[in-house]
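Asks: First the structure, which I've put down as structure tokens, then a few questions once you've had a look.
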Amino acid sequence: MQSVHEAAARAIGKLGDLDLVRYEDSPVDGSADLSMWEEIAPIVGSTIADVNGLIAEVEVHFSLGSAYGSPTQIEIGRLIGSCQAELREGVMELGQRIRDPAVVGDRWNLIAELQAFRFRFRERIGLMVYETAQILGECRRSDVDPGYEEALASTLVVRSTTADLRRLVKSRLQKISEAHAEDVDWNGAQLEKELNAFGRTAAWRALRAQDKKEILEFRARLKATLQPGMTKLDLMTVVEPFVEFVEGFQEINNRDFLRQHDRELQASVGVILERAMTAGTHDESLAAFHEAVGLAQALYGRSSDFDAFLRKLRKTPPAPEGLQHEIEQFLVLIAGLSME
């Protein structure tokens with residue numbers, strides 16, 4: 001089991017997120033020409049080789065059909081064998097997908113498929129490590145999954161930044177709908193600036209290829225719309241579907257490992273706030289309050305009301321006479337966060 005876990009850690013490390021930004025510079029509707037395929041092909045090959053390396057390690061130590069002497073050994077063998085079978089199936093599926101002309105003929109489809117397979121391989125391998133380790137003793141996934149911290153950090157950046165993007169785009173649409181005719185151009189230009197700023201964030205690098213394509217296509221439509229004679233209706237017709245698209249980023253909250261992270265953090269913040277409520281001095285209460293606020297930043301993007309509360313605290317720290325009220329409000333909001 002130790003040998004398999006070490007091989008799993010190596011595979012997860014090699015399947016880390018790819019920096020595919022340089023492949024995104026061509027037109028959005030650009031095809032995957034031969035030069036691009038020549039650059040991507042070695043990554044596809046190494047992806048398959050990395051996963052097959054783990055499969056081979058499993059075959060050495062947990063050959064299918066072997067009998068073990070205890071229920072624990074049998075269950076560990078079953079879990080590892082199940083992972084091996086799913087990985088082997090995934091490798092075959094990846095091989096089939098890269099033979100599909102619809103995939104290899106479109107740079108965005110090709111990048112999206114490669115990202116998706118590498119993500120699923122890492123996720124499945126990490127889950128196997130966690131499930132088998134848990135059989136031997138109570139543990140958290142963050143304690144044993146070699147790729148957990150990196151995946152969590154990337155996901156939190158995407159969640160928090162896209163939460164701000166949703167808020168900005170919805171606010172901009174509202175301002176456009178209320179704008180006088182002479183202010184429509186200005187609001188459209190501001191939206192273009194906000195999207196350009198989003199493209200320079202850390203979250204942009206971590207986004208799925210299909211989401212980047214959607215944003216780049218919208219930017220192109222927006223730029224084409226921002227022409228002399230543009231009306232409010234013209235601009236709203238372009239922006240409204242994009243608002244619906246960015247609302248979909250909330251789905252990130254449904255990822256299982258993120259829900260688990262959020263539940264644990266929710267409980268920790270609640271405990272610290274209870275300590276702040278019962279602290280003997282104002283300084284002790286304020287210190288606990290600030291500790292809770294710091295931890296809660298990792299929950300940004302879970303709820304719009306909670307996000308607004310955190311943004312307010314960043315701008316305006318609580319006055320001494322209002323600290324208890326802020327703590328009570330914080331407790332109500334943290335307890336009300338839905339993890340479903």
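In the structure tokens, the first chain shown is A, the next is B, and so on; residue numbers restart at 1 for each chain, and ligands run from 1 in the order shown.
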Which residues are near Arg172 of chain A? Cut-off 10 Å, only C-alpha atoms, ignore same chain within fewer than 6 positions. Put them as an MDAnalysis selection string.
Replies: chainID A and resid 166 178 187:188 190:191 194 239 243
Asks: Create the file for the chosen residues now, containing C-alpha atoms and written as a compact mmCIF listing (two decimals), in the first residue's frame.
Replies:
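File written: result.txt
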# COMPACT_ATOMS: atom_id res chain seq x y z
CA ARG A 166 -20.60 37.94 -11.06
CA GLU A 178 -30.66 52.80 -15.88
CA ASN A 187 -20.74 51.83 -19.24
CA GLY A 188 -19.87 49.53 -22.11
CA GLN A 190 -16.14 50.14 -18.26
CA LEU A 191 -17.38 46.58 -18.67
CA GLU A 194 -13.43 45.04 -15.98
CA VAL A 239 -24.64 41.59 -21.92
CA VAL A 243 -24.76 37.56 -16.99
Asks: Can you pull out the residues contacting Ile327 of chain A? Cut-off 9 Å, using only C-alpha atoms, and skip same-chain residues under 2 positions away; I want them as a PyMOL selection string.
Replies: chain A and resi 273-274+276-277+289+322-325+329-332
Asks: Let's have the selection written as a CSV table (one decimal), in the first residue's frame, with C-alpha atoms.
Replies:
chain,number,residue,atom,x,y,z
A,273,LEU,CA,-16.7,33.7,17.3
A,274,GLU,CA,-18.1,32.1,20.4
A,276,ALA,CA,-15.0,36.3,20.9
A,277,MET,CA,-18.4,36.6,22.5
A,289,PHE,CA,-12.9,38.5,15.9
A,322,GLY,CA,-20.2,48.1,17.9
A,323,LEU,CA,-18.0,45.0,18.2
A,324,GLN,CA,-20.5,42.8,20.0
A,325,HIS,CA,-23.2,43.6,17.4
A,329,GLN,CA,-24.2,39.3,13.0
A,330,PHE,CA,-21.2,37.3,12.0
A,331,LEU,CA,-22.5,34.3,14.0
A,332,VAL,CA,-25.9,34.5,12.3
Asks: Hey, what's within 9 Å of segment 245-262 of chain A if we count only C-alpha atoms and toss same-chain stuff fewer than 5 positions away? As a list of chain:residue names, please?
Replies: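 Listed by chain and then number, they are A:Arg141, A:Ser142, A:Tyr148, A:Leu152, A:Thr155, A:Leu156, A:Val158, A:Arg159, A:Thr162, A:Ala163, A:Leu165, A:Arg166, A:Val169, A:Glu214, A:Ile215, A:Glu240, A:Ala267, A:Ala298, A:Leu299, A:Gly301, A:Arg302, A:Met339, A:Glu340.
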Asks: Print the selection's residues with C-alpha atoms to a file, as a PDB file, in the first residue's frame.
Replies:
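Okay, result-v8.pdb is ready:
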ATOM      1  CA  ARG A 141      -8.376  14.205   2.997  1.00  0.00           C
ATOM      2  CA  SER A 142      -6.168  17.246   3.443  1.00  0.00           C
ATOM      3  CA  TYR A 148      -5.360  18.353  -2.083  1.00  0.00           C
ATOM      4  CA  LEU A 152      -8.016  23.591  -2.959  1.00  0.00           C
ATOM      5  CA  THR A 155     -10.437  26.323  -6.499  1.00  0.00           C
ATOM      6  CA  LEU A 156     -10.667  28.975  -3.786  1.00  0.00           C
ATOM      7  CA  VAL A 158     -11.462  30.759  -8.841  1.00  0.00           C
ATOM      8  CA  ARG A 159     -14.452  30.887  -6.480  1.00  0.00           C
ATOM      9  CA  THR A 162     -15.565  34.724 -10.119  1.00  0.00           C
ATOM     10  CA  ALA A 163     -17.845  35.788  -7.246  1.00  0.00           C
ATOM     11  CA  LEU A 165     -16.946  38.953 -11.497  1.00  0.00           C
ATOM     12  CA  ARG A 166     -20.604  37.943 -11.061  1.00  0.00           C
ATOM     13  CA  VAL A 169     -21.256  42.133 -14.295  1.00  0.00           C
ATOM     14  CA  GLU A 214     -16.972  31.780 -23.476  1.00  0.00           C
ATOM     15  CA  ILE A 215     -15.474  34.905 -21.881  1.00  0.00           C
ATOM     16  CA  GLU A 240     -27.730  39.783 -20.591  1.00  0.00           C
ATOM     17  CA  ALA A 267     -17.352  25.077  12.340  1.00  0.00           C
ATOM     18  CA  ALA A 298     -11.679  31.293   2.370  1.00  0.00           C
ATOM     19  CA  LEU A 299     -15.496  31.075   2.320  1.00  0.00           C
ATOM     20  CA  GLY A 301     -18.076  33.167  -2.870  1.00  0.00           C
ATOM     21  CA  ARG A 302     -20.308  30.786  -0.911  1.00  0.00           C
ATOM     22  CA  MET A 339     -23.351  23.674   2.349  1.00  0.00           C
ATOM     23  CA  GLU A 340     -25.776  21.830   0.075  1.00  0.00           C
TER      24      GLU A 340
END
Asks: Using only C-alpha atoms for the distances, tell me which of A:Ser154, A:Gln210, A:Gln2, A:Thr161 is nearest to Ala116 of chain A.
Replies: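 The answer is A:Gln210, which sits nearest to Ala116 of chain A.
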Asks: Find the residue from A:Met128, A:Ile176, A:Ile48, A:Val293 that sits nearest to Gln84 of chain A; use only C-alpha atoms when measuring.
Replies: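 Among the listed residues, A:Met128 lies closest to Gln84 of chain A.
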Asks: Report the residues of segment 47-105 of chain A whose backbone DSSP state falls under helix (DSSP H, G or I), written as a VMD selection string.
Replies: chain A and resid 47 to 61 71 to 97 101 to 104
Asks: For the selection just defined, write its residues with N, CA and C atoms to a file, as a short mmCIF file (atom, residue, chain, number, x, y, z; two decimals), in the first residue's frame.
Replies:
data_model
loop_
_atom_site.label_atom_id
_atom_site.label_comp_id
_atom_site.auth_asym_id
_atom_site.auth_seq_id
_atom_site.Cartn_x
_atom_site.Cartn_y
_atom_site.Cartn_z
N THR A 47 0.68 12.26 -20.17
CA THR A 47 -0.50 12.04 -19.32
C THR A 47 -0.83 10.56 -19.26
N ILE A 48 -0.88 9.93 -20.42
CA ILE A 48 -1.18 8.50 -20.48
C ILE A 48 -0.08 7.69 -19.79
N ALA A 49 1.18 8.06 -20.02
CA ALA A 49 2.29 7.32 -19.41
C ALA A 49 2.28 7.46 -17.89
N ASP A 50 1.95 8.64 -17.38
CA ASP A 50 1.93 8.85 -15.93
C ASP A 50 0.85 8.00 -15.26
N VAL A 51 -0.31 7.93 -15.89
CA VAL A 51 -1.40 7.13 -15.32
C VAL A 51 -1.07 5.64 -15.46
N ASN A 52 -0.54 5.25 -16.59
CA ASN A 52 -0.18 3.84 -16.77
C ASN A 52 0.91 3.41 -15.79
N GLY A 53 1.79 4.33 -15.41
CA GLY A 53 2.81 4.00 -14.42
C GLY A 53 2.19 3.61 -13.09
N LEU A 54 1.15 4.32 -12.68
CA LEU A 54 0.47 3.96 -11.43
C LEU A 54 -0.28 2.64 -11.59
N ILE A 55 -0.93 2.46 -12.73
CA ILE A 55 -1.64 1.19 -12.98
C ILE A 55 -0.67 0.01 -12.88
N ALA A 56 0.51 0.18 -13.43
CA ALA A 56 1.51 -0.90 -13.39
C ALA A 56 1.96 -1.16 -11.96
N GLU A 57 2.11 -0.10 -11.16
CA GLU A 57 2.51 -0.27 -9.75
C GLU A 57 1.44 -1.03 -8.98
N VAL A 58 0.19 -0.76 -9.28
CA VAL A 58 -0.91 -1.49 -8.62
C VAL A 58 -0.86 -2.96 -9.00
N GLU A 59 -0.59 -3.25 -10.26
CA GLU A 59 -0.54 -4.64 -10.71
C GLU A 59 0.56 -5.42 -10.01
N VAL A 60 1.65 -4.74 -9.67
CA VAL A 60 2.75 -5.41 -8.98
C VAL A 60 2.35 -5.81 -7.56
N HIS A 61 1.65 -4.91 -6.88
CA HIS A 61 1.39 -5.12 -5.45
C HIS A 61 -0.02 -5.60 -5.14
N PRO A 71 -10.26 -8.70 6.73
CA PRO A 71 -11.24 -7.81 6.08
C PRO A 71 -10.63 -6.47 5.67
N THR A 72 -9.69 -5.97 6.48
CA THR A 72 -9.05 -4.69 6.15
C THR A 72 -8.27 -4.81 4.85
N GLN A 73 -7.47 -5.88 4.73
CA GLN A 73 -6.69 -6.07 3.51
C GLN A 73 -7.59 -6.27 2.29
N ILE A 74 -8.67 -7.00 2.48
CA ILE A 74 -9.60 -7.24 1.37
C ILE A 74 -10.21 -5.93 0.90
N GLU A 75 -10.63 -5.07 1.86
CA GLU A 75 -11.26 -3.80 1.49
C GLU A 75 -10.26 -2.86 0.82
N ILE A 76 -9.04 -2.82 1.31
CA ILE A 76 -8.01 -1.98 0.68
C ILE A 76 -7.75 -2.47 -0.75
N GLY A 77 -7.64 -3.78 -0.92
CA GLY A 77 -7.44 -4.33 -2.25
C GLY A 77 -8.58 -4.01 -3.19
N ARG A 78 -9.81 -4.05 -2.64
CA ARG A 78 -10.98 -3.73 -3.46
C ARG A 78 -10.95 -2.27 -3.92
N LEU A 79 -10.65 -1.35 -3.01
CA LEU A 79 -10.63 0.07 -3.34
C LEU A 79 -9.54 0.40 -4.35
N ILE A 80 -8.36 -0.17 -4.16
CA ILE A 80 -7.27 0.08 -5.09
C ILE A 80 -7.57 -0.54 -6.45
N GLY A 81 -8.15 -1.73 -6.45
CA GLY A 81 -8.51 -2.38 -7.71
C GLY A 81 -9.57 -1.60 -8.46
N SER A 82 -10.53 -1.04 -7.72
CA SER A 82 -11.57 -0.23 -8.35
C SER A 82 -10.97 1.00 -9.00
N CYS A 83 -10.05 1.65 -8.31
CA CYS A 83 -9.37 2.83 -8.86
C CYS A 83 -8.59 2.44 -10.11
N GLN A 84 -7.88 1.33 -10.04
CA GLN A 84 -7.09 0.87 -11.18
C GLN A 84 -7.98 0.66 -12.41
N ALA A 85 -9.14 0.03 -12.20
CA ALA A 85 -10.05 -0.23 -13.31
C ALA A 85 -10.57 1.07 -13.92
N GLU A 86 -10.89 2.05 -13.07
CA GLU A 86 -11.39 3.33 -13.57
C GLU A 86 -10.30 4.10 -14.31
N LEU A 87 -9.08 4.03 -13.81
CA LEU A 87 -7.98 4.71 -14.49
C LEU A 87 -7.72 4.08 -15.85
N ARG A 88 -7.75 2.76 -15.91
CA ARG A 88 -7.52 2.08 -17.19
C ARG A 88 -8.60 2.46 -18.20
N GLU A 89 -9.84 2.52 -17.72
CA GLU A 89 -10.94 2.93 -18.59
C GLU A 89 -10.76 4.37 -19.05
N GLY A 90 -10.30 5.24 -18.14
CA GLY A 90 -10.08 6.64 -18.50
C GLY A 90 -9.00 6.80 -19.55
N VAL A 91 -7.94 6.01 -19.45
CA VAL A 91 -6.86 6.07 -20.45
C VAL A 91 -7.40 5.67 -21.82
N MET A 92 -8.21 4.61 -21.86
CA MET A 92 -8.79 4.18 -23.13
C MET A 92 -9.71 5.26 -23.70
N GLU A 93 -10.49 5.90 -22.82
CA GLU A 93 -11.40 6.95 -23.28
C GLU A 93 -10.63 8.15 -23.82
N LEU A 94 -9.53 8.52 -23.13
CA LEU A 94 -8.71 9.63 -23.62
C LEU A 94 -8.15 9.32 -25.00
N GLY A 95 -7.68 8.08 -25.18
CA GLY A 95 -7.16 7.68 -26.48
C GLY A 95 -8.20 7.79 -27.59
N GLN A 96 -9.46 7.45 -27.25
CA GLN A 96 -10.53 7.57 -28.23
C GLN A 96 -10.86 9.02 -28.54
N ARG A 97 -10.86 9.86 -27.49
CA ARG A 97 -11.24 11.27 -27.68
C ARG A 97 -10.24 12.00 -28.57
N PRO A 101 -12.08 13.81 -34.74
CA PRO A 101 -11.76 15.04 -35.49
C PRO A 101 -12.34 16.30 -34.86
N ALA A 102 -13.50 16.18 -34.20
CA ALA A 102 -14.12 17.34 -33.56
C ALA A 102 -13.29 17.85 -32.39
N VAL A 103 -12.45 16.98 -31.82
CA VAL A 103 -11.59 17.37 -30.71
C VAL A 103 -10.26 17.89 -31.23
N VAL A 104 -9.56 17.09 -32.02
CA VAL A 104 -8.22 17.49 -32.47
C VAL A 104 -8.28 18.61 -33.51
#
Asks: Identify which of the residues A:Ala153, A:Leu168, A:Ala296, A:Ile98 lies closest to Lys193 of chain A, counting only C-alpha atoms when measuring atom-to-atom distances.
Replies: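 Nearest candidate to Lys193 of chain A out of A:Ala153, A:Leu168, A:Ala296, A:Ile98: A:Leu168.
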